[in-house]
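Q: Handing you this structure, nothing more for now.
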Amino acid sequence: MSGPLTGMRVLEFSRYLPGTYFGWIAGDMGADVIRIEHPRELAKAEAMFGASADAAAMRRDRARPTYTRNKRSITLNPGHPDARRVLDPLIASADVLVEDFRPGTMARLGLGYDAVAAINPRLVYASVSFAGQHGPLAHRAGHDPAALAAAGVLSRLNGQPVPTLPGVQVADLMAGAHATIAILLALAARAASGCGSHVDVAMIDAAMPLLMVGLGRADDPGDVGAPDGAWHPKGGVWRCADAAYLCTTDMEPRYWARFCEAIGRPDLTARQFDAAAYPAIHADLVTLFASRPRADWLALFERADTQAMPVLAPGEALRHPNAAARGMHVELDVAGGGMVEQIGTPFTISGVTPGPHRAAPLPGHDRDAILAEIGFAQDEIDSLTASGVFSSTQGAGA
């Protein structure tokens with residue numbers, strides 16, 4: 001595989017989306033991404049989500065998540081007495097290390113930034129955590145909704161006065177995307193200085209930019225409260241006669257005028273900013289949209305060049321012709337038979353073609369090849385295997 005990051009090696013000590021996001025992008029762009037997978041973490045995941053009944057199903061389960069593709073795997077207990085025999089040469093060979101453990105965990109294993117930088121001063125070391133490596137919340141753990149809550153985002157996310165849990169991983173993805181940006185910036189800085197650095201990304205911090213627009217409209221941040229849930233002509237989600245939904249976003253006056261003309265209500269054009277009329281307008285539109293099936297409305301709005309899209313289910317969106325045309329629908333063959341569908345690389349660069357993509361292998365699949373690359377002979381690999389460093393779930397660990 002060739003790409004902008006060909007020749008780069010990434011060590012991924014990460015388990016969840018925020019920490020694995022960079023490796024996904026890097027792998028798509030040609031980097032050699034090696035997942036260091038703790039046998040205990042794998043056992044915990046199996047206990048939480050269950051084990052597949054047969055090997056083929058296990059391989060499909062393993063390959064299904066988009067963020068696992070184009071990565072190699074070695075299982076290893078970093079707390080095992082022999083772990084450093086493997087980890088030190090891997091660290092010396094790497095350009096980037098990404099970890100997503102609670103602050104202090106990697107340091108207790110002797111793998112904190114200072115210790116690792118002593119082995120490889122050029123290494124960009126990225127820590128992705130719930131609240132960051134310092135600050136009064138640094139010791140806390142949490143998942144996506146808790147990060148949104150602490151960031152001030154959950155109070156506004158659903159547009160209603162009562163917050164609810166989101167149905168997608170918003171803070172996770174924001175943290176992963178910001179980690180990717182920060183790591184690439186750190187690599188650019190290394191190109192100039194020759195020195196690596198420690199990247200610190202908190203899920204809470206990464207979610208806060210979602211508030212930029214709202215905060216930018218108030219002199220006092222304290223004035224930005226919970227939304228009232230009231231409809232506004234900036235857009236809406238509408239249930240059609242066939243129980244399918246569509247979304248409109250005709251907030252600019254010229255688009256609102258086109259929308260009103262298209263639905264046969266030009267009288268509403270001048271009332272776009274008449275807040276007192278909004279409840280009545282909304283009630284009329286609810287009744288109107290319920291009178292015709294979605295396909296009729298979408299055809300009408302396309303002819304009028306307004307801003308309307310069907311509300312698609314995830315599978316519909318992934319398999320939409322636009323996703324195919326944009327390279328956003330990826331089908332990968334799985335070793336042993338079968339196929340998985342994934343999301344493509346979410347950007348394009350002229351002259352760069354992501355892939356070819358490889359489905360994630362089973363844990364530890366690439367161990368011997370990786371060890372051979374860093375100088376281990378087969379008898380040494382056999383000795384390490386017998387020691388339990390690749391399989392032990394006991395003792396000190398992350």
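Each chain in the structure tokens gets a letter, A, B and so on, in the order shown; residues start at 1 in every chain, and ligands are counted from 1 in the order they appear.
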Identify, on the basis of only C-alpha atoms, every residue whose closest approach to region 183-194 of chain A does not exceed 8 Å; exclude the query and any residue fewer than 4 positions from it along the same chain; express the result as a PDB file with N, CA and C atoms, in the first residue's frame.
A:
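The resulting file, around22.pdb, is shown below:
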ATOM      1  N   VAL A  96       4.707   7.089  15.753  1.00  0.00           N
ATOM      2  CA  VAL A  96       3.584   7.549  16.571  1.00  0.00           C
ATOM      3  C   VAL A  96       3.173   6.424  17.510  1.00  0.00           C
ATOM      4  N   ARG A 122      12.193  10.914  18.844  1.00  0.00           N
ATOM      5  CA  ARG A 122      11.422  11.428  17.702  1.00  0.00           C
ATOM      6  C   ARG A 122       9.955  10.977  17.744  1.00  0.00           C
ATOM      7  N   VAL A 124       6.123  10.715  18.370  1.00  0.00           N
ATOM      8  CA  VAL A 124       4.943  11.502  18.735  1.00  0.00           C
ATOM      9  C   VAL A 124       4.044  10.575  19.549  1.00  0.00           C
ATOM     10  N   ALA A 126       0.696  10.117  21.703  1.00  0.00           N
ATOM     11  CA  ALA A 126      -0.627  10.716  21.863  1.00  0.00           C
ATOM     12  C   ALA A 126      -1.431   9.989  22.930  1.00  0.00           C
ATOM     13  N   ALA A 179      -7.586  14.276  17.797  1.00  0.00           N
ATOM     14  CA  ALA A 179      -6.310  13.590  17.994  1.00  0.00           C
ATOM     15  C   ALA A 179      -5.570  13.446  16.674  1.00  0.00           C
ATOM     16  N   VAL A 199       1.149  14.533  22.801  1.00  0.00           N
ATOM     17  CA  VAL A 199      -0.153  15.077  22.432  1.00  0.00           C
ATOM     18  C   VAL A 199      -1.171  14.633  23.476  1.00  0.00           C
TER      19      VAL A 199
END
Q: Using DSSP assignments from the backbone, pull out every residue in region 231-311 of chain A that falls under alpha helix (DSSP H) and give it to me as a PyMOL selection string.
A: chain A and resi 253-262+278-289+294-304
Q: Just the residues within 8 Å of Thr68 (chain A), please, counting only C-alpha atoms, with nothing from its chain fewer than 4 positions along; format it as number ranges by chain.
A: A: 20, 24, 62-64, 359-360
Q: How would the residues just picked look written out with N, CA and C atoms as a PDB file, in the first residue's frame?
A:
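The file below, out-v2.pdb, is the result:
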ATOM      1  N   THR A  20      -8.556   4.826  18.523  1.00  0.00           N
ATOM      2  CA  THR A  20      -8.286   4.053  17.304  1.00  0.00           C
ATOM      3  C   THR A  20      -8.522   4.854  16.036  1.00  0.00           C
ATOM      4  N   TRP A  24      -6.970   4.411  12.092  1.00  0.00           N
ATOM      5  CA  TRP A  24      -7.815   4.161  10.920  1.00  0.00           C
ATOM      6  C   TRP A  24      -7.411   5.077   9.764  1.00  0.00           C
ATOM      7  N   ARG A  62     -14.711  -9.468  14.026  1.00  0.00           N
ATOM      8  CA  ARG A  62     -13.456  -8.753  14.208  1.00  0.00           C
ATOM      9  C   ARG A  62     -13.234  -7.729  13.092  1.00  0.00           C
ATOM     10  N   ALA A  63     -13.652  -8.101  11.877  1.00  0.00           N
ATOM     11  CA  ALA A  63     -13.380  -7.255  10.708  1.00  0.00           C
ATOM     12  C   ALA A  63     -14.421  -6.165  10.506  1.00  0.00           C
ATOM     13  N   ARG A  64     -15.568  -6.288  11.151  1.00  0.00           N
ATOM     14  CA  ARG A  64     -16.705  -5.412  10.819  1.00  0.00           C
ATOM     15  C   ARG A  64     -16.465  -3.930  11.113  1.00  0.00           C
ATOM     16  N   ALA A 359      -9.194  -6.147   5.717  1.00  0.00           N
ATOM     17  CA  ALA A 359     -10.021  -6.355   6.901  1.00  0.00           C
ATOM     18  C   ALA A 359      -9.133  -6.717   8.084  1.00  0.00           C
ATOM     19  N   ALA A 360      -9.568  -6.326   9.278  1.00  0.00           N
ATOM     20  CA  ALA A 360      -8.791  -6.619  10.478  1.00  0.00           C
ATOM     21  C   ALA A 360      -8.645  -8.122  10.671  1.00  0.00           C
TER      22      ALA A 360
END
Q: With a distance cut-off of 9 Å and only C-alpha atoms, select the neighbouring residues of Val237 (chain A), excluding the residue or stretch itself and same-chain residues fewer than 5 positions from it, and output the selection as number ranges by chain.
A: A: 245-248, 311
Q: Give me, as number ranges by chain, the residues of region 146-358 of chain A that a backbone DSSP run labels strand (DSSP E or B).
A: A: 197-202, 236-239, 245-248, 308-310, 329-333, 339-343, 349, 352
Q: I'd like the neighbourhood of Thr287 (chain A) as a PyMOL selection string, where a residue qualifies if any of its atoms comes within 10 Å (using only C-alpha atoms), though same-chain residues fewer than 6 positions away should be ignored.
A: chain A and resi 238-241
Q: Skipping near chain neighbours, those fewer than 6 positions away, what residues fall within 12 Å of Val168 (chain A) using only C-alpha atoms, listed as a PDB file with N, CA, C and O atoms, in the first residue's frame?
A:
ATOM      1  N   LEU A  17     -12.990   3.872  20.172  1.00  0.00           N
ATOM      2  CA  LEU A  17     -13.000   4.730  18.995  1.00  0.00           C
ATOM      3  C   LEU A  17     -12.101   5.956  19.112  1.00  0.00           C
ATOM      4  O   LEU A  17     -11.358   6.261  18.170  1.00  0.00           O
ATOM      5  N   ASP A 144     -18.703   8.479  26.204  1.00  0.00           N
ATOM      6  CA  ASP A 144     -19.166   9.553  25.337  1.00  0.00           C
ATOM      7  C   ASP A 144     -20.223  10.473  25.955  1.00  0.00           C
ATOM      8  O   ASP A 144     -20.030  11.692  26.015  1.00  0.00           O
ATOM      9  N   PRO A 145     -21.361   9.966  26.437  1.00  0.00           N
ATOM     10  CA  PRO A 145     -22.381  10.892  26.944  1.00  0.00           C
ATOM     11  C   PRO A 145     -21.907  11.728  28.130  1.00  0.00           C
ATOM     12  O   PRO A 145     -22.280  12.902  28.257  1.00  0.00           O
ATOM     13  N   LEU A 148     -19.922  14.593  26.790  1.00  0.00           N
ATOM     14  CA  LEU A 148     -20.829  15.603  26.239  1.00  0.00           C
ATOM     15  C   LEU A 148     -21.480  16.408  27.355  1.00  0.00           C
ATOM     16  O   LEU A 148     -21.670  17.626  27.234  1.00  0.00           O
ATOM     17  N   LEU A 157     -27.840  19.179  22.649  1.00  0.00           N
ATOM     18  CA  LEU A 157     -27.628  18.323  21.486  1.00  0.00           C
ATOM     19  C   LEU A 157     -28.901  17.950  20.756  1.00  0.00           C
ATOM     20  O   LEU A 157     -28.938  17.903  19.524  1.00  0.00           O
ATOM     21  N   ASN A 158     -29.982  17.669  21.475  1.00  0.00           N
ATOM     22  CA  ASN A 158     -31.204  17.212  20.797  1.00  0.00           C
ATOM     23  C   ASN A 158     -32.160  18.342  20.466  1.00  0.00           C
ATOM     24  O   ASN A 158     -33.251  18.097  19.936  1.00  0.00           O
ATOM     25  N   MET A 174     -15.341  13.122  17.877  1.00  0.00           N
ATOM     26  CA  MET A 174     -14.677  14.417  17.955  1.00  0.00           C
ATOM     27  C   MET A 174     -13.285  14.282  18.556  1.00  0.00           C
ATOM     28  O   MET A 174     -12.326  14.911  18.083  1.00  0.00           O
ATOM     29  N   PRO A 314     -29.019   4.089   8.747  1.00  0.00           N
ATOM     30  CA  PRO A 314     -27.588   3.909   8.482  1.00  0.00           C
ATOM     31  C   PRO A 314     -27.288   3.053   7.256  1.00  0.00           C
ATOM     32  O   PRO A 314     -26.425   3.415   6.442  1.00  0.00           O
TER      33      PRO A 314
END
Q: How far is it from CA of Met58 (chain A) to CA of His38 (chain A), in Å with one decimal?
A: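 CA of Met58 (chain A) sits 17.8 Å away from CA of His38 (chain A).
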Q: Ranking A:Met106, A:Leu42, A:Met212, A:Met251 by minimum distance to Ser392 (chain A) and counting only C-alpha atoms, which one comes first?
A: A:Leu42
